[in-house]
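Q: Sharing data-v4.txt, compact mmCIF, C-alpha atoms:
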# COMPACT_ATOMS: atom_id res chain seq x y z
CA MET A 3 84.89 3.42 -36.46
CA GLY A 4 87.41 6.15 -37.40
CA LEU A 5 89.71 6.10 -40.38
CA ARG A 6 92.85 4.02 -39.91
CA PRO A 7 95.92 6.31 -39.91
CA TRP A 8 98.64 5.77 -42.47
CA THR A 9 101.91 4.35 -41.24
CA ALA A 10 105.37 5.57 -42.28
CA LYS A 11 106.00 2.24 -44.02
CA GLU A 12 102.82 2.54 -46.08
CA LEU A 13 103.60 6.12 -47.08
CA GLY A 14 107.11 5.11 -48.11
CA LEU A 15 105.74 2.53 -50.58
CA LEU A 16 103.28 4.84 -52.31
CA GLY A 17 104.21 5.36 -55.96
CA LYS A 18 106.78 2.56 -55.88
CA LYS A 19 104.28 -0.20 -56.60
CA PRO A 20 100.96 -0.27 -58.49
CA ASP A 21 98.12 1.24 -56.45
CA ARG A 22 96.04 -1.94 -56.70
CA GLU A 23 98.90 -4.10 -55.42
CA LEU A 24 99.44 -1.76 -52.46
CA ALA A 25 95.72 -1.71 -51.74
CA ASN A 26 95.75 -5.50 -51.33
CA ARG A 27 98.91 -5.38 -49.21
CA PHE A 28 97.57 -2.61 -46.93
CA SER A 29 94.02 -4.01 -46.80
CA ARG A 30 92.77 -0.67 -48.06
CA SER A 31 90.57 0.28 -50.99
CA PHE A 32 92.14 1.08 -54.36
CA GLU A 33 90.52 4.53 -54.28
CA ALA A 34 92.02 5.29 -50.86
CA VAL A 35 95.53 4.38 -51.97
CA ALA A 36 95.28 6.41 -55.20
CA ALA A 37 93.82 9.42 -53.37
CA LYS A 38 96.54 9.36 -50.71
CA ARG A 39 99.28 9.10 -53.32
CA ARG A 40 97.91 12.07 -55.24
CA ALA A 41 97.47 14.06 -52.02
CA ILE A 42 101.19 13.92 -51.24
CA GLY A 43 102.14 14.71 -54.86
CA LEU A 44 103.48 11.34 -56.02
CA PRO A 45 103.00 10.02 -59.57
CA ARG A 46 101.53 6.58 -60.02
CA PHE A 47 103.85 3.64 -60.63
CA ILE A 48 104.34 2.84 -64.33
CA LEU A 49 104.64 -0.85 -65.17
CA PRO A 50 107.37 -1.93 -67.65
CA GLY A 51 106.08 -1.45 -71.19
CA GLU A 52 103.11 0.61 -70.03
CA ARG A 53 102.43 3.87 -71.80
CA LEU A 54 103.41 6.92 -69.79
CA PRO A 55 100.49 9.24 -68.96
CA TRP A 56 100.41 12.68 -70.53
CA THR A 57 100.72 15.73 -68.28
CA ARG A 58 99.20 19.18 -68.81
CA GLU A 59 102.63 20.63 -69.48
CA GLN A 60 103.27 18.03 -72.17
CA ASP A 61 99.85 18.62 -73.72
CA ALA A 62 100.68 22.33 -73.92
CA LEU A 63 103.52 21.51 -76.34
CA LEU A 64 101.23 19.80 -78.85
CA GLY A 65 100.81 21.91 -81.97
CA ALA A 66 103.41 24.41 -80.76
CA MET A 67 106.22 22.69 -82.68
CA ALA A 68 106.78 19.78 -85.04
CA ASP A 69 105.58 16.38 -83.83
CA GLU A 70 109.08 14.93 -84.32
CA GLU A 71 110.61 17.62 -82.10
CA ILE A 72 108.01 17.06 -79.36
CA ALA A 73 108.64 13.31 -79.52
CA ARG A 74 112.39 13.90 -79.13
CA ARG A 75 111.95 16.24 -76.16
CA LEU A 76 109.50 13.99 -74.34
CA SER A 77 111.25 10.69 -75.21
CA ARG A 78 108.07 9.43 -76.90
CA SER A 79 107.41 8.01 -80.35
CA THR A 80 106.22 10.33 -83.11
CA ALA A 81 103.14 8.15 -83.55
CA SER A 82 102.29 8.64 -79.87
CA VAL A 83 102.53 12.42 -80.21
CA ILE A 84 100.39 12.44 -83.36
CA GLY A 85 97.78 10.22 -81.69
CA ARG A 86 97.59 12.40 -78.59
CA ARG A 87 97.24 15.54 -80.70
CA ALA A 88 94.44 13.94 -82.69
CA VAL A 89 92.58 12.95 -79.51
CA LEU A 90 92.72 16.54 -78.25
CA GLY A 91 91.74 17.94 -81.65
CA ILE A 92 94.91 20.04 -81.98
CA VAL A 93 95.99 21.00 -85.50
CA ALA A 94 99.51 19.95 -86.52
CA PHE A 95 102.14 22.66 -86.31
CA SER A 96 102.86 22.39 -90.04
CA LEU A 97 99.16 22.88 -90.94
CA ARG A 98 98.71 26.19 -89.16
CA PRO A 99 97.55 29.14 -91.33
CA TRP A 100 100.21 31.12 -93.15
CA SER A 101 100.98 34.57 -91.78
CA ALA A 102 102.11 37.58 -93.81
CA SER A 103 105.56 37.52 -92.17
CA GLU A 104 106.02 33.86 -93.12
CA GLU A 105 105.01 34.45 -96.73
CA LYS A 106 107.61 37.24 -97.01
CA LEU A 107 110.36 34.65 -96.44
CA LEU A 108 109.29 32.50 -99.40
CA GLY A 109 111.86 32.62 -102.19
CA THR A 110 114.45 34.43 -100.07
CA SER A 111 116.41 31.18 -99.63
CA THR A 112 116.09 27.51 -100.52
CA ASP A 113 112.76 25.88 -99.69
CA ALA A 114 114.58 23.57 -97.26
CA GLN A 115 116.10 26.48 -95.39
CA VAL A 116 112.84 28.46 -95.25
CA ALA A 117 111.05 25.32 -94.03
CA ARG A 118 113.58 24.94 -91.23
CA GLU A 119 113.19 28.56 -90.17
CA LEU A 120 109.39 28.39 -90.15
CA GLY A 121 109.13 24.92 -88.65
CA ARG A 122 107.22 23.63 -91.68
CA THR A 123 107.85 20.82 -94.15
CA GLN A 124 109.70 21.48 -97.38
CA PRO A 125 106.81 20.28 -99.62
CA GLU A 126 104.46 22.63 -97.78
CA VAL A 127 106.80 25.61 -98.33
CA ARG A 128 107.23 24.72 -102.00
CA LYS A 129 103.46 24.42 -102.50
CA ARG A 130 102.71 27.77 -100.85
CA ARG A 131 105.46 29.50 -102.84
CA LYS A 132 104.01 28.20 -106.10
CA GLU A 133 100.49 29.24 -105.08
CA LEU A 134 101.70 32.81 -104.59
CA GLY A 135 103.65 32.75 -107.86
CA ILE A 136 107.02 33.26 -106.16
CA LEU A 137 110.03 31.98 -108.07
CA PRO A 138 112.41 29.60 -106.29
CA TRP A 139 115.65 30.93 -104.87
CA ILE A 140 118.44 30.57 -107.42
CA HIS A 141 121.76 29.44 -106.04
CA THR A 142 124.74 31.15 -107.65
CA PRO A 143 127.91 29.08 -107.09
CA ARG A 144 130.75 31.15 -105.71
CA GLY A 145 134.01 30.49 -103.96
CA TRP A 146 134.52 30.74 -100.23
CA THR A 147 136.51 33.65 -98.82
CA GLY A 148 138.74 33.44 -95.79
CA GLU A 149 136.31 35.57 -93.79
CA GLU A 150 133.43 33.27 -94.65
CA GLU A 151 135.35 30.14 -93.69
CA ALA A 152 136.23 31.77 -90.36
CA MET A 153 132.51 32.04 -89.58
CA VAL A 154 131.85 28.32 -90.07
CA GLY A 155 131.44 26.48 -86.77
CA LYS A 156 131.09 29.71 -84.75
CA ALA A 157 127.28 29.43 -84.95
CA SER A 158 124.80 26.81 -86.14
CA ASP A 159 125.04 25.81 -89.80
CA TYR A 160 121.58 27.26 -90.30
CA LYS A 161 122.52 30.71 -88.95
CA VAL A 162 125.77 30.78 -90.92
CA ALA A 163 123.92 29.81 -94.12
CA LYS A 164 121.34 32.52 -93.60
CA GLN A 165 123.95 35.17 -92.83
CA LEU A 166 126.10 34.27 -95.85
CA LYS A 167 123.07 33.65 -98.11
CA ARG A 168 124.23 30.14 -98.87
CA SER A 169 122.43 26.82 -98.76
CA LEU A 170 122.42 24.80 -95.56
CA CYS A 171 124.02 21.82 -97.32
CA SER A 172 126.91 23.90 -98.65
CA VAL A 173 127.72 25.26 -95.18
CA LYS A 174 127.49 21.78 -93.65
CA ARG A 175 129.79 20.33 -96.32
CA LYS A 176 132.30 23.15 -95.85
CA ARG A 177 132.32 22.65 -92.06
CA MET A 178 132.92 18.90 -92.45
CA ARG A 179 135.73 19.50 -94.96
CA LEU A 180 137.37 21.89 -92.51
CA GLY A 181 137.12 19.20 -89.82
CA LEU A 182 135.05 21.40 -87.52
CA PRO A 183 132.50 19.94 -85.07
CA ALA A 184 128.89 21.07 -85.12
CA PHE A 185 128.22 24.20 -83.10
CA GLN A 186 126.94 23.52 -79.58
CA ARG A 187 124.67 26.21 -78.18
CA ILE A 188 125.44 27.19 -74.58
CA PRO A 189 122.18 27.38 -72.60
CA ARG A 190 121.36 30.79 -71.14
CA GLN A 191 121.90 30.89 -67.38
CA TRP A 192 118.85 31.30 -65.16
CA THR A 193 118.69 34.51 -63.13
CA LYS A 194 117.46 34.73 -59.53
CA ALA A 195 114.38 36.64 -60.69
CA GLU A 196 113.54 33.92 -63.22
CA LEU A 197 113.96 31.16 -60.63
CA ALA A 198 111.78 33.09 -58.19
CA SER A 199 108.95 33.23 -60.76
CA LEU A 200 108.71 29.42 -61.05
CA GLY A 201 105.44 28.08 -59.71
CA LYS A 202 103.99 31.57 -59.14
CA SER A 203 101.79 31.23 -62.24
CA ARG A 204 101.21 28.71 -65.03
CA ASP A 205 104.32 27.46 -66.82
CA SER A 206 103.07 28.87 -70.13
CA GLU A 207 102.64 32.32 -68.57
CA VAL A 208 106.08 32.21 -66.91
CA ALA A 209 107.65 31.10 -70.22
CA ARG A 210 106.05 34.00 -72.08
CA ARG A 211 107.12 36.53 -69.46
CA ILE A 212 110.81 35.49 -69.23
CA GLY A 213 111.27 34.55 -72.90
CA ARG A 214 111.87 30.82 -72.50
CA SER A 215 110.09 27.72 -73.80
CA VAL A 216 107.32 26.05 -71.81
CA GLU A 217 109.39 22.84 -71.72
CA ALA A 218 112.41 24.70 -70.27
CA VAL A 219 110.27 26.26 -67.53
CA PHE A 220 108.64 22.92 -66.77
CA GLN A 221 111.97 21.09 -66.49
CA LYS A 222 113.61 23.75 -64.32
CA ARG A 223 110.60 23.84 -61.97
CA CYS A 224 110.65 20.05 -61.61
CA ALA A 225 114.43 20.02 -61.05
CA ARG A 226 114.04 22.42 -58.12
CA GLY A 227 111.10 20.51 -56.66
CA ILE A 228 108.66 23.40 -57.12
CA ALA A 229 105.00 22.47 -57.44
CA LYS A 230 103.08 23.72 -60.45
CA TYR A 231 100.79 26.70 -59.97
CA GLY A 232 97.65 25.63 -58.11
CA GLY A 233 98.97 22.06 -57.87
CA THR A 234 99.91 19.71 -55.09
CA PRO A 235 102.74 20.40 -52.61
CA LYS A 236 106.25 19.88 -53.91
CA GLN A 237 107.64 16.39 -54.00
CA HIS A 238 110.09 15.03 -51.47
CA SER A 239 113.70 16.14 -51.89
CA TRP A 240 116.13 14.07 -53.91
CA THR A 241 118.25 11.52 -52.07
CA LYS A 242 121.88 10.66 -52.79
CA ARG A 243 120.78 7.21 -53.97
CA GLU A 244 118.38 8.73 -56.50
CA ASP A 245 121.01 11.17 -57.78
CA ASN A 246 123.47 8.30 -58.25
CA LEU A 247 121.03 6.62 -60.66
CA LEU A 248 120.91 9.62 -63.02
CA GLY A 249 122.63 8.91 -66.33
CA LYS A 250 123.32 5.29 -65.38
CA GLN A 251 120.02 4.22 -66.96
CA THR A 252 117.53 5.92 -69.26
CA ASP A 253 115.31 8.62 -67.75
CA GLU A 254 112.29 6.32 -68.19
CA GLU A 255 113.97 3.50 -66.26
CA VAL A 256 115.10 5.82 -63.44
CA ALA A 257 111.62 7.37 -63.19
CA ARG A 258 110.09 3.92 -62.89
CA LEU A 259 112.56 2.87 -60.16
CA ILE A 260 112.16 5.92 -57.91
CA GLY A 261 108.51 6.73 -58.58
CA ARG A 262 108.95 10.12 -60.26
CA THR A 263 107.90 11.47 -63.67
CA VAL A 264 110.21 11.26 -66.68
CA GLY A 265 110.19 15.07 -66.98
CA THR A 266 111.26 15.45 -63.34
CA VAL A 267 114.12 12.96 -63.76
CA GLY A 268 115.29 14.62 -66.99
CA ALA A 269 115.23 18.06 -65.43
CA ARG A 270 117.16 16.88 -62.37
CA ARG A 271 119.76 15.18 -64.56
CA GLN A 272 120.24 18.29 -66.70
CA SER A 273 120.53 20.57 -63.67
CA ARG A 274 123.45 18.45 -62.42
CA GLY A 275 125.16 18.38 -65.83
CA ILE A 276 124.78 14.61 -66.27
CA PRO A 277 124.54 13.46 -69.92
CA LYS A 278 121.51 11.45 -70.95
CA LYS A 279 121.99 7.75 -71.58
CA GLU A 280 121.01 7.21 -75.20
CA PRO A 281 122.63 3.96 -76.34
CA TRP A 282 121.03 4.07 -79.78
CA VAL A 283 121.98 7.65 -80.68
CA ARG A 284 125.20 8.09 -82.65
CA PRO A 285 126.58 10.83 -84.93
CA TRP A 286 125.75 10.72 -88.63
CA SER A 287 128.64 9.86 -90.94
CA GLU A 288 129.08 11.16 -94.50
CA ALA A 289 128.52 7.66 -95.85
CA GLU A 290 125.19 7.39 -94.03
CA GLU A 291 124.04 10.82 -95.21
CA LYS A 292 124.80 9.86 -98.82
CA LEU A 293 122.23 7.05 -98.51
CA LEU A 294 119.44 9.43 -97.50
CA GLY A 295 116.90 9.81 -100.29
CA THR A 296 118.29 6.90 -102.32
CA ASP A 297 115.51 4.65 -101.04
CA THR A 298 112.43 4.95 -98.85
CA ASP A 299 113.04 6.11 -95.28
CA ILE A 300 111.77 2.79 -93.94
CA LYS A 301 114.28 0.74 -95.95
CA THR A 302 117.09 3.21 -95.28
CA SER A 303 116.43 3.02 -91.54
CA ARG A 304 116.69 -0.76 -91.66
CA SER A 305 119.97 -0.72 -93.58
CA LEU A 306 121.48 1.88 -91.23
CA GLY A 307 120.13 0.38 -88.03
CA ARG A 308 118.33 3.62 -87.10
CA THR A 309 114.71 4.43 -86.37
CA TYR A 310 112.39 5.60 -89.13
CA GLU A 311 111.79 8.89 -87.28
CA ALA A 312 115.55 9.57 -87.02
CA VAL A 313 116.12 8.95 -90.74
CA CYS A 314 113.10 11.01 -91.77
CA LEU A 315 114.03 13.95 -89.52
CA HIS A 316 117.70 14.02 -90.58
CA ARG A 317 116.78 13.81 -94.27
CA ARG A 318 114.46 16.80 -93.88
CA LYS A 319 117.15 18.77 -92.04
CA LEU A 320 119.51 18.31 -94.99
CA GLY A 321 116.78 19.26 -97.48
CA ILE A 322 116.94 15.90 -99.27
CA PRO A 323 113.67 14.95 -101.00
CA VAL A 324 112.05 11.65 -100.12
CA LYS A 325 112.08 8.84 -102.66
CA ARG A 326 108.59 8.07 -103.92
CA VAL A 327 107.42 4.46 -103.82
CA ASP A 328 105.88 2.95 -106.96
CA GLY A 329 102.17 2.18 -107.15
CA TRP A 330 100.59 -0.60 -105.13
CA SER A 331 100.71 -4.07 -106.70
CA PRO A 332 97.75 -6.51 -106.58
CA GLU A 333 99.69 -8.65 -104.09
CA GLU A 334 100.18 -5.64 -101.81
CA ASN A 335 96.53 -4.63 -102.12
CA ARG A 336 95.47 -8.08 -100.94
CA LEU A 337 97.45 -7.57 -97.73
CA VAL A 338 95.67 -4.30 -96.89
CA GLY A 339 93.31 -4.80 -93.95
CA THR A 340 94.72 -8.21 -93.03
CA MET A 341 97.06 -6.74 -90.39
CA PRO A 342 97.55 -3.46 -88.52
CA ASP A 343 98.59 -0.52 -90.72
CA GLN A 344 101.90 -0.12 -88.85
CA GLU A 345 102.82 -3.77 -89.40
CA LEU A 346 101.83 -3.56 -93.08
CA ALA A 347 103.92 -0.40 -93.58
CA GLU A 348 107.00 -2.02 -92.04
CA ARG A 349 106.53 -5.18 -94.06
CA LEU A 350 106.20 -3.36 -97.39
CA GLY A 351 108.72 -0.62 -96.65
CA ARG A 352 106.11 2.13 -96.81
CA THR A 353 105.10 4.90 -94.44
CA LEU A 354 102.28 4.49 -91.94
CA GLN A 355 100.36 7.34 -93.59
CA SER A 356 100.65 5.60 -96.98
CA ALA A 357 99.23 2.37 -95.55
CA LYS A 358 96.33 4.20 -93.91
CA MET A 359 95.47 6.10 -97.10
CA ARG A 360 95.59 2.92 -99.19
CA ARG A 361 93.20 1.14 -96.81
CA TRP A 362 90.83 4.12 -96.90
CA ARG A 363 90.85 4.25 -100.71
CA LEU A 364 90.22 0.53 -101.13
CA ARG A 365 87.32 0.77 -98.70
CA HIS A 366 85.70 3.85 -100.27
CA GLY A 367 86.97 3.59 -103.84
Can you present the structure in this file as structure tokens?
A:
Amino acid sequence: MGLRPWTAKELGLLGKKPDRELANRFSRSFEAVAAKRRAIGLPRFILPGERLPWTREQDALLGAMADEEIARRLSRSTASVIGRRAVLGIVAFSLRPWSASEEKLLGTSTDAQVARELGRTQPEVRKRRKELGILPWIHTPRGWTGEEEAMVGKASDYKVAKQLKRSLCSVKRKRMRLGLPAFQRIPRQWTKAELASLGKSRDSEVARRIGRSVEAVFQKRCARGIAKYGGTPKQHSWTKREDNLLGKQTDEEVARLIGRTVGTVGARRQSRGIPKKEPWVRPWSEAEEKLLGTDTDIKTSRSLGRTYEAVCLHRRKLGIPVKRVDGWSPEENRLVGTMPDQELAERLGRTLQSAKMRRWRLRHG
């Protein structure tokens, strides 16, 4: 008996329902449904609340930048990024060996500003500077000239601070006092030659050759429906109905509805100039920034109604040191191991890493 051909109705449902559900509906094996879906280049259907699978392009970002930045770009949690990196045995971006060019920057500006430029944490920069016997950068207060004020807002606060040899906080405060919005970088336009190179080799190789990030190459390739190098044929073209969903819901929700990857949806949305729906993201006010560092990031995030990752990342950007939590009390020690580390950290207002280390010390101490 020959293989039963696939009907147009069956092909139209692939990727829009779980493979196992379609296998029962089509009276086919689960393996046959999954193989057919992969053969025509469709991602598997992601159930609500189910973790999104990692792609090779996303894995390539691990260790190439800070975990918080990767989490923001991929719309994942920082814990998810850290866990995936640990599974693959990839060293954290901040723990990479120091190069001679990086060490030359130590002491040339504030530790916070050097940390931002190198993509490292401020404590790590401070520790390395002390190990090499380099004195900290001494800030000399001075008034602002008219020429300096004219530069504020024309580039990022970081670039202005570096050019004027001022601290990042002083430039940010001056910009806010002048009532100027934060500088918005205009993305560099893609040339015909760059677009023609998409899919001709690996995304990482294309990114290196044209001087763009791997994530930018990946998103642009997905937006134009170009298959990855050596991959499956390109996906079906976008319909008007699918385009109308962009920006109306989160990229994850749209991807789940139309059976595409989150990266593909995000790239398509950006290519059409549609803003991302982020209901929980709002600008930071001066009052909120004044609270940073006055308490632990966990407690500050609760009082501000923001995520822990957002509070932690913004505090580091402003160069504000974290508030240290007092030692563990006997009552807190008794709770260690009675619940997941994440739940314990949230309950006690501590970081996840602190809860993990405390459990390890009580077990081996």
Q: Find the residues around Glu105 in chain A up to 9 Å (only C-alpha atoms counted), leave out those fewer than 6 positions away in its own chain, and share them as a PyMOL selection string.
A: chain A and resi 130-131+134
Q: My list of candidates is A:Ile92, A:Leu16, A:Lys11, A:Ala347. Which is closest to Gly65 in chain A when distances are computed with only C-alpha atoms?
A: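 The closest residue to Gly65 in chain A is A:Ile92.
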Q: For Arg258 in chain A, which residue out of A:Leu293, A:Ala10, A:Ala225, A:Ile48 is the nearest one, using all atoms listed in the file?
A: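 Answer, going by the shortest atom-to-atom distance: A:Ile48.
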Q: With all atoms listed in the file as the counted atoms, please give the residues lying no more than 12 Å from range 351-365 of chain A, apart from itself and same-chain residues fewer than 3 positions off, as a compact mmCIF listing (two decimals) with C-alpha atoms, in the coordinates of the input.
A:
# COMPACT_ATOMS: atom_id res chain seq x y z
CA THR A 80 106.22 10.33 -83.11
CA ALA A 81 103.14 8.15 -83.55
CA ILE A 84 100.39 12.44 -83.36
CA ASP A 297 115.51 4.65 -101.04
CA THR A 298 112.43 4.95 -98.85
CA ASP A 299 113.04 6.11 -95.28
CA ILE A 300 111.77 2.79 -93.94
CA LYS A 301 114.28 0.74 -95.95
CA THR A 302 117.09 3.21 -95.28
CA SER A 303 116.43 3.02 -91.54
CA ARG A 304 116.69 -0.76 -91.66
CA SER A 305 119.97 -0.72 -93.58
CA TYR A 310 112.39 5.60 -89.13
CA GLU A 311 111.79 8.89 -87.28
CA CYS A 314 113.10 11.01 -91.77
CA VAL A 324 112.05 11.65 -100.12
CA LYS A 325 112.08 8.84 -102.66
CA ARG A 326 108.59 8.07 -103.92
CA VAL A 327 107.42 4.46 -103.82
CA ASP A 328 105.88 2.95 -106.96
CA GLY A 329 102.17 2.18 -107.15
CA TRP A 330 100.59 -0.60 -105.13
CA SER A 331 100.71 -4.07 -106.70
CA PRO A 332 97.75 -6.51 -106.58
CA GLU A 334 100.18 -5.64 -101.81
CA ASN A 335 96.53 -4.63 -102.12
CA ARG A 336 95.47 -8.08 -100.94
CA LEU A 337 97.45 -7.57 -97.73
CA VAL A 338 95.67 -4.30 -96.89
CA GLY A 339 93.31 -4.80 -93.95
CA THR A 340 94.72 -8.21 -93.03
CA MET A 341 97.06 -6.74 -90.39
CA PRO A 342 97.55 -3.46 -88.52
CA ASP A 343 98.59 -0.52 -90.72
CA GLN A 344 101.90 -0.12 -88.85
CA GLU A 345 102.82 -3.77 -89.40
CA LEU A 346 101.83 -3.56 -93.08
CA ALA A 347 103.92 -0.40 -93.58
CA GLU A 348 107.00 -2.02 -92.04
Q: In terms of the shortest atom-to-atom distance over all atoms listed in the file, which of A:Thr266, A:Thr112, A:Ser31, A:Thr241 is closest to Val219 in chain A?
A: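 That would be A:Thr266, the residue with the smallest distance to Val219 in chain A.
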Q: From the set A:Ala257, A:Ser101, A:Val116, A:Ala289, which residue has the shortest atom-to-atom contact distance to Leu44 in chain A, counting all atoms listed in the file?
A: A:Ala257
Q: By how many Å are CA of Leu107 in chain A and CA of Arg87 in chain A apart?
A: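 Calculated distance between CA of Leu107 in chain A and CA of Arg87 in chain A is 28.0 Å.
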Q: Return the single residue from A:Val127, A:Ile322, A:Leu315, A:Ala25 that is closest to Arg74 in chain A, with distances computed using all atoms listed in the file.
A: A:Leu315
Q: Nearest to Arg75 in chain A among A:Ala229, A:Leu320, A:Leu306, A:Val264, with distances taken over all atoms listed in the file: which residue is it?
A: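 Among the listed residues, A:Val264 lies closest to Arg75 in chain A.
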Q: Do you have the CA of Ala184 in chain A-CA of Asp159 in chain A distance handy?
A: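 Here the two named atoms are 7.7 Å from each other.
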Q: Quick one: 3 Å padding each side, axis-aligned, all listed atoms of range 305-313 of chain A - centre and edge lengths in Å to one decimal, as lines of an AutoDock Vina configuration file?
A:
center_x = 116.6
center_y = 4.4
center_z = -90.0
size_x = 15.7
size_y = 16.3
size_z = 13.2
Q: Contacts of range 142-156 of chain A at 8 Å or less, counting only C-alpha atoms, minus same-chain residues fewer than 3 places along, as an MDAnalysis selection string?
A: chainID A and resid 159 162 166 173 176:177 182:185
Q: Could you pull the residues within 8 Å of Pro45 in chain A, counting all atoms listed in the file, minus those fewer than 4 positions along the same chain, as number ranges by chain?
A: A: 17, 39-40, 261-263
